[in-house]
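Engineer: protein_32.txt is reproduced below (compact mmCIF, C-alpha atoms).
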```
# COMPACT_ATOMS: atom_id res chain seq x y z
CA MET U 1 121.59 99.38 112.32
CA ALA U 2 119.02 98.65 109.65
CA THR U 3 115.32 98.52 110.55
CA VAL U 4 115.07 95.02 109.12
CA GLU U 5 117.92 92.72 108.17
CA LEU U 6 117.37 89.50 106.28
CA GLU U 7 119.69 86.75 105.12
CA PHE U 8 118.30 84.08 102.84
CA THR U 9 119.49 80.96 101.07
CA PRO U 10 120.13 81.80 97.41
CA LEU U 11 117.04 80.10 95.99
CA PRO U 12 114.75 81.79 93.44
CA ALA U 13 111.71 80.96 95.60
CA HIS U 14 113.01 83.22 98.38
CA VAL U 15 113.19 86.29 96.13
CA ARG U 16 109.42 86.62 96.42
CA THR U 17 109.72 86.51 100.23
CA ALA U 18 112.34 89.27 100.07
CA ARG U 19 110.03 91.36 97.86
CA LEU U 20 107.10 90.92 100.24
CA ILE U 21 109.16 91.89 103.29
CA ALA U 22 110.69 94.90 101.54
CA THR U 23 107.25 96.07 100.40
CA ALA U 24 105.82 95.71 103.90
CA VAL U 25 108.69 97.69 105.48
CA ALA U 26 108.50 100.31 102.72
CA ARG U 27 104.77 100.78 103.30
CA ARG U 28 105.36 101.20 107.02
CA ALA U 29 108.15 103.70 106.28
CA GLY U 30 105.64 105.85 104.44
CA ILE U 31 106.52 105.09 100.83
CA THR U 32 103.61 106.26 98.69
CA GLU U 33 101.51 103.67 96.89
CA SER U 34 102.73 104.94 93.53
CA LEU U 35 106.34 104.18 94.51
CA LEU U 36 105.65 100.80 96.15
CA ASP U 37 105.54 99.03 92.77
CA GLU U 38 108.95 100.49 91.95
CA VAL U 39 110.38 99.38 95.30
CA ARG U 40 108.93 95.89 94.84
CA LEU U 41 110.38 95.54 91.35
CA ALA U 42 113.79 97.06 92.18
CA VAL U 43 114.24 94.86 95.28
CA GLY U 44 113.20 91.84 93.23
CA GLU U 45 115.71 92.67 90.52
CA ALA U 46 118.56 93.20 93.00
CA CYS U 47 117.78 89.99 94.89
CA SER U 48 117.33 87.96 91.67
CA ARG U 49 120.72 89.12 90.43
CA ALA U 50 122.38 88.27 93.78
CA VAL U 51 120.69 84.85 93.93
CA GLU U 52 121.84 83.96 90.42
CA ALA U 53 125.39 85.10 91.27
CA HIS U 54 125.44 83.04 94.48
CA ARG U 55 124.07 79.97 92.72
CA GLN U 56 126.93 80.22 90.27
CA TYR U 57 129.77 81.02 92.66
CA CYS U 58 128.80 80.33 96.29
CA PRO U 59 125.47 78.48 96.67
CA ALA U 60 126.10 77.73 100.35
CA GLU U 61 126.30 81.39 101.35
CA PRO U 62 123.23 83.55 102.04
CA VAL U 63 122.23 86.75 100.24
CA ARG U 64 121.88 89.74 102.55
CA LEU U 65 119.10 92.34 102.46
CA GLU U 66 119.04 95.41 104.69
CA LEU U 67 116.07 97.78 104.90
CA SER U 68 116.13 101.07 106.78
CA ASP U 69 114.11 104.28 106.92
CA ASP U 70 116.44 106.87 108.40
CA ASP U 71 116.79 110.52 107.36
CA GLY U 72 113.57 110.70 105.38
CA ARG U 73 114.62 107.98 102.95
CA PHE U 74 113.68 104.33 102.69
CA GLN U 75 116.93 102.58 101.86
CA VAL U 76 117.52 99.07 100.57
CA VAL U 77 120.93 97.40 100.43
CA VAL U 78 121.40 94.02 98.77
CA THR U 79 124.83 92.48 99.26
CA ASP U 80 126.21 89.37 97.63
CA ASN U 81 129.39 87.40 98.24
CA ALA U 82 129.97 86.20 94.69
CA PRO U 83 133.58 87.15 93.92
CA GLY U 84 133.39 86.39 90.22
CA ASP U 85 130.35 88.54 89.61
CA ASP U 86 131.46 92.12 89.14
CA PRO U 87 129.55 94.15 86.56
CA VAL U 88 131.19 97.32 87.90
CA ALA U 89 134.62 96.06 86.81
CA ASP U 90 133.22 94.51 83.66
CA GLY U 91 131.62 97.74 82.58
CA ALA U 92 128.92 96.86 80.10
CA PRO U 93 126.51 94.03 80.84
CA SER U 94 127.84 90.72 79.59
CA GLY U 95 126.54 87.28 78.81
CA PRO U 96 123.04 85.97 78.30
CA VAL U 97 120.49 85.68 81.11
CA GLU U 98 120.01 81.98 80.59
CA GLU U 99 122.60 79.52 79.40
CA ARG U 100 121.19 76.26 80.69
CA PRO U 101 120.38 73.64 78.03
CA GLU U 102 116.72 73.44 77.17
CA PRO U 103 114.67 70.25 76.95
CA GLY U 104 114.76 68.75 73.51
CA ARG U 105 117.61 70.91 72.31
CA THR U 106 121.19 69.89 71.86
CA ALA U 107 122.60 73.34 72.51
CA ALA U 108 121.40 76.21 74.64
CA VAL U 109 119.72 79.08 72.87
CA PRO U 110 120.86 82.18 74.75
CA GLU U 111 118.15 84.60 75.77
CA PRO U 112 118.67 88.00 74.18
CA LEU U 113 118.71 89.98 77.45
CA PRO U 114 122.13 90.53 79.09
CA ALA U 115 122.93 89.18 82.55
CA ASN U 116 123.00 92.59 84.18
CA PHE U 117 119.80 93.77 82.54
CA GLY U 118 118.28 93.75 86.04
CA LEU U 119 120.73 96.43 87.17
CA ALA U 120 119.68 98.57 84.23
CA VAL U 121 116.06 98.13 85.25
CA ILE U 122 116.92 99.19 88.83
CA ALA U 123 118.64 102.29 87.48
CA GLY U 124 115.43 103.11 85.63
CA LEU U 125 113.28 102.61 88.73
CA ALA U 126 115.09 104.26 91.63
CA ASP U 127 116.29 107.85 91.49
CA ASP U 128 119.09 107.05 93.93
CA VAL U 129 121.10 103.93 93.05
CA GLU U 130 124.69 103.02 93.87
CA VAL U 131 126.31 99.81 92.68
CA SER U 132 129.70 99.17 94.22
CA SER U 133 132.19 96.33 94.52
CA THR U 134 133.12 95.10 97.98
CA ASP U 135 136.05 92.86 98.87
CA ARG U 136 133.65 89.90 98.73
CA GLY U 137 131.15 90.74 96.01
CA LEU U 138 128.68 93.39 94.91
CA ARG U 139 126.59 95.85 96.90
CA VAL U 140 123.47 97.46 95.43
CA ARG U 141 122.14 100.39 97.45
CA MET U 142 118.98 102.22 96.44
CA SER U 143 116.65 104.59 98.20
CA TRP U 144 113.33 106.38 97.84
CA PRO U 145 111.77 109.31 99.72
CA ALA U 146 109.78 108.18 102.77
CA MET U 147 106.90 110.40 103.81
CA ARG U 148 106.72 109.29 107.46
CA SER U 149 110.07 110.86 108.32
CA VAL U 150 109.15 114.26 106.93
CA PRO U 151 108.85 116.67 109.91
CA VAL U 152 105.27 117.72 110.61
CA THR U 153 104.84 121.47 111.11
CA PRO U 154 102.95 122.40 114.28
CA MET N 1 100.48 84.02 94.43
CA ASP N 2 102.20 81.49 92.25
CA LEU N 3 102.04 81.38 88.46
CA LYS N 4 99.07 79.84 86.65
CA LEU N 5 99.39 79.04 82.94
CA GLU N 6 96.72 77.94 80.48
CA HIS N 7 96.53 78.03 76.70
CA HIS N 8 93.94 77.52 74.00
CA THR N 9 93.57 77.95 70.26
CA GLU N 10 91.59 80.86 68.77
CA ASP N 11 91.48 80.80 64.96
CA ASP N 12 95.13 80.42 63.93
CA LEU N 13 96.50 81.88 67.16
CA GLU N 14 97.55 80.13 70.36
CA VAL N 15 96.47 82.26 73.32
CA VAL N 16 98.49 81.83 76.52
CA GLU N 17 96.68 82.98 79.66
CA VAL N 18 99.08 83.97 82.41
CA GLU N 19 97.98 84.64 85.98
CA GLY N 20 100.10 85.54 89.01
CA GLU N 21 103.73 86.52 89.37
CA ILE N 22 106.43 86.07 86.71
CA ASP N 23 109.79 86.25 88.44
CA VAL N 24 113.10 84.41 88.72
CA TYR N 25 111.30 81.49 90.41
CA THR N 26 108.30 81.08 88.12
CA ALA N 27 109.62 82.35 84.76
CA PRO N 28 111.20 78.98 83.81
CA ARG N 29 107.69 77.47 83.66
CA LEU N 30 106.54 80.10 81.19
CA ARG N 31 109.71 79.58 79.16
CA GLU N 32 109.08 75.83 79.03
CA LEU N 33 105.49 76.38 77.88
CA LEU N 34 106.52 78.81 75.11
CA ILE N 35 109.26 76.40 73.93
CA ASP N 36 106.78 73.52 74.02
CA LEU N 37 104.21 75.45 71.96
CA VAL N 38 106.80 76.40 69.35
CA ASN N 39 108.06 72.81 69.21
CA LYS N 40 104.46 71.72 68.55
CA GLY N 41 104.20 74.11 65.63
CA HIS N 42 102.40 77.05 67.24
CA PHE N 43 104.25 80.02 65.78
CA ASN N 44 101.63 82.74 66.30
CA LEU N 45 101.22 83.37 69.99
CA VAL N 46 99.29 85.89 72.07
CA VAL N 47 100.26 86.11 75.73
CA ASN N 48 97.41 87.54 77.80
CA MET N 49 98.98 89.33 80.78
CA GLU N 50 95.84 90.96 82.16
CA LYS N 51 96.00 88.80 85.32
CA VAL N 52 99.76 89.15 85.83
CA GLU N 53 100.47 90.78 89.18
CA PHE N 54 104.23 91.07 88.92
CA LEU N 55 106.77 90.90 86.10
CA ASP N 56 110.54 91.30 86.41
CA SER N 57 113.45 91.25 83.97
CA THR N 58 113.61 87.45 84.11
CA GLY N 59 110.06 87.38 82.79
CA LEU N 60 110.92 89.94 80.14
CA GLY N 61 113.84 87.73 79.09
CA VAL N 62 111.48 84.77 78.69
CA LEU N 63 109.07 86.81 76.55
CA VAL N 64 111.91 88.14 74.38
CA GLY N 65 113.25 84.58 74.07
CA GLY N 66 109.78 83.42 72.98
CA LEU N 67 109.59 86.22 70.43
CA LYS N 68 112.97 85.22 69.04
CA ARG N 69 111.85 81.61 68.65
CA VAL N 70 108.57 82.36 66.86
CA ARG N 71 110.26 84.89 64.59
CA ALA N 72 112.68 82.16 63.53
CA HIS N 73 109.56 80.53 62.04
CA ASP N 74 108.18 83.82 60.66
CA GLY N 75 105.70 83.80 63.52
CA SER N 76 104.56 86.38 66.05
CA LEU N 77 104.29 86.87 69.79
CA ASP N 78 101.96 89.66 70.84
CA LEU N 79 100.98 90.71 74.33
CA VAL N 80 97.69 91.76 75.88
CA CYS N 81 98.17 94.16 78.76
CA THR N 82 96.44 97.29 80.04
CA GLN N 83 97.92 97.34 83.55
CA GLU N 84 100.08 100.40 84.06
CA ARG N 85 102.35 98.69 86.62
CA ILE N 86 103.23 95.99 84.08
CA LEU N 87 103.41 98.32 81.07
CA LYS N 88 105.89 100.48 82.95
CA ILE N 89 108.63 97.85 82.87
CA PHE N 90 108.14 97.45 79.11
CA ARG N 91 108.45 101.22 78.74
CA ILE N 92 111.61 101.72 80.81
CA THR N 93 113.31 98.88 78.96
CA GLY N 94 112.21 100.09 75.53
CA LEU N 95 110.46 96.79 74.82
CA THR N 96 107.21 98.51 73.84
CA LYS N 97 108.90 98.90 70.46
CA VAL N 98 109.67 95.20 70.25
CA PHE N 99 106.30 93.70 71.18
CA GLY N 100 102.87 94.37 69.84
CA ILE N 101 100.95 95.26 73.01
CA TYR N 102 97.15 95.28 72.78
CA ASP N 103 94.19 96.05 75.04
CA SER N 104 92.44 92.74 74.42
CA VAL N 105 92.88 89.37 72.74
CA GLY N 106 90.34 90.54 70.17
CA ASP N 107 92.47 93.58 69.34
CA ALA N 108 95.57 91.38 69.01
CA LYS N 109 93.67 89.03 66.66
CA ALA N 110 92.37 91.93 64.57
CA ALA N 111 95.85 93.45 64.31
CA ARG N 112 97.32 90.10 63.25
CA LYS N 113 94.67 89.69 60.53
CA SER N 114 95.25 93.19 59.19
CA GLN N 115 98.99 92.51 58.91
CA LYS N 116 98.46 89.44 56.72
```
Would you mind writing the file out in structure tokens?

Structural biologist:
Amino acid sequence: MATVELEFTPLPAHVRTARLIATAVARRAGITESLLDEVRLAVGEACSRAVEAHRQYCPAEPVRLELSDDDGRFQVVVTDNAPGDDPVADGAPSGPVEERPEPGRTAAVPEPLPANFGLAVIAGLADDVEVSSTDRGLRVRMSWPAMRSVPVTP
Amino acid sequence: MDLKLEHHTEDDLEVVEVEGEIDVYTAPRLRELLIDLVNKGHFNLVVNMEKVEFLDSTGLGVLVGGLKRVRAHDGSLDLVCTQERILKIFRITGLTKVFGIYDSVGDAKAARKSQK
């Protein structure tokens, strides 16, 4: 069982809440201050990606966040249930980040960053990252060394 | 904290002061402001990020989108940032090569003048 489990409605406003909770649990798990910024950013990226996927495919279903600090590692798992969102199967990142029409413009101007840019950022932040497809969506697991669980010599 | 946006004109530059967190929730407001400034004819922008506490890839996307828009008018979008935690995300994404990143608004202005 995870130390903290959180399910939240896929709204962008809740991503900040997820970041704050993850940072608080990470700090308690003994993550060093220098790594806390990386945890905060990586969790934010994973949750943002899941929220956007849910808003597109299943806005009524919650995004799931699990935080645990077993075996000397602080582990974060973000799971979505968006069946059409599978960058693992797609291979390379695809599509623009933003395709909504903009005020005063007749056609959307796509942003230059790809949709799965966030996953690339996560890969650059955490030394242990695993992105896998589940039968319902995508699972992003990442972990960092947690100092608290390191055995103390007598 | 939420995102606070202000902007003012300095010489021929429009300086955008950003304070708070730029993420998937708040980034659309920054995007709207940058689009609005470009639509009003401000093609040389400096975004001061010294008071930004958090920036994610959504925010980066908005800045890159802004850069693309001003460049379409032969303009510029430079950044002011000395915070290591914010600079790090520009480094790991390689965007330090895309943006001019300066220590102060004054430095950004001086660099812009020297490039004319």

Engineer: Taking all atoms listed in the file into account, what are the residues of chain N at most 9 Å from chain U, put as a list in words?

Structural biologist: Asp23, Val24, Tyr25, Thr26, Glu32, Ile35, Asn39, Phe54, Leu55, Asp56, Ser57, Thr58, Leu60, Gly61, Val62, Val64, Gly65, Gly66, Lys68, Arg85, Ile89, Ile92 and Thr93 of chain N

Engineer: What is the CA of Lys113 in chain N to CA of Lys51 in chain N distance in Å?

Structural biologist: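 That distance, rounded to one decimal, is 24.8 Å.
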
Engineer: Measuring between only C-alpha atoms, which one of N:Leu5, N:Val46, N:Val15, N:Val80 shows the shortest distance to Leu67 in chain N?

Structural biologist: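 Checking each of N:Leu5, N:Val46, N:Val15, N:Val80 against Leu67 in chain N, counting only C-alpha atoms, the winner is N:Val46.
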
Engineer: Identify which of the residues U:Asp127, U:Glu5, U:Asp80, U:Glu33 lies closest to Ser68 in chain U, counting only C-alpha atoms when measuring atom-to-atom distances.

Structural biologist: U:Glu5

Engineer: Measure the distance from CA of Ser132 in chain U to CA of Ala26 in chain U in Å and round it to one decimal.

Structural biologist: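 Spanning CA of Ser132 in chain U to CA of Ala26 in chain U is a straight-line distance of 22.9 Å.
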
Engineer: Nearest to Arg64 in chain U among U:Thr134, U:Asn81, U:Ser143, U:Thr3, with distances taken over only C-alpha atoms: which residue is it?

Structural biologist: U:Asn81

Engineer: When you draw a straight line from CA of Leu30 in chain N to CA of Val98 in chain N, how long is it in Å?

Structural biologist: 18.9 Å

Engineer: So, counting all atoms listed in the file, which residue among N:Asp36, N:Glu84, N:Glu6, N:Asp78 is closest to Ala110 in chain N?

Structural biologist: N:Asp78
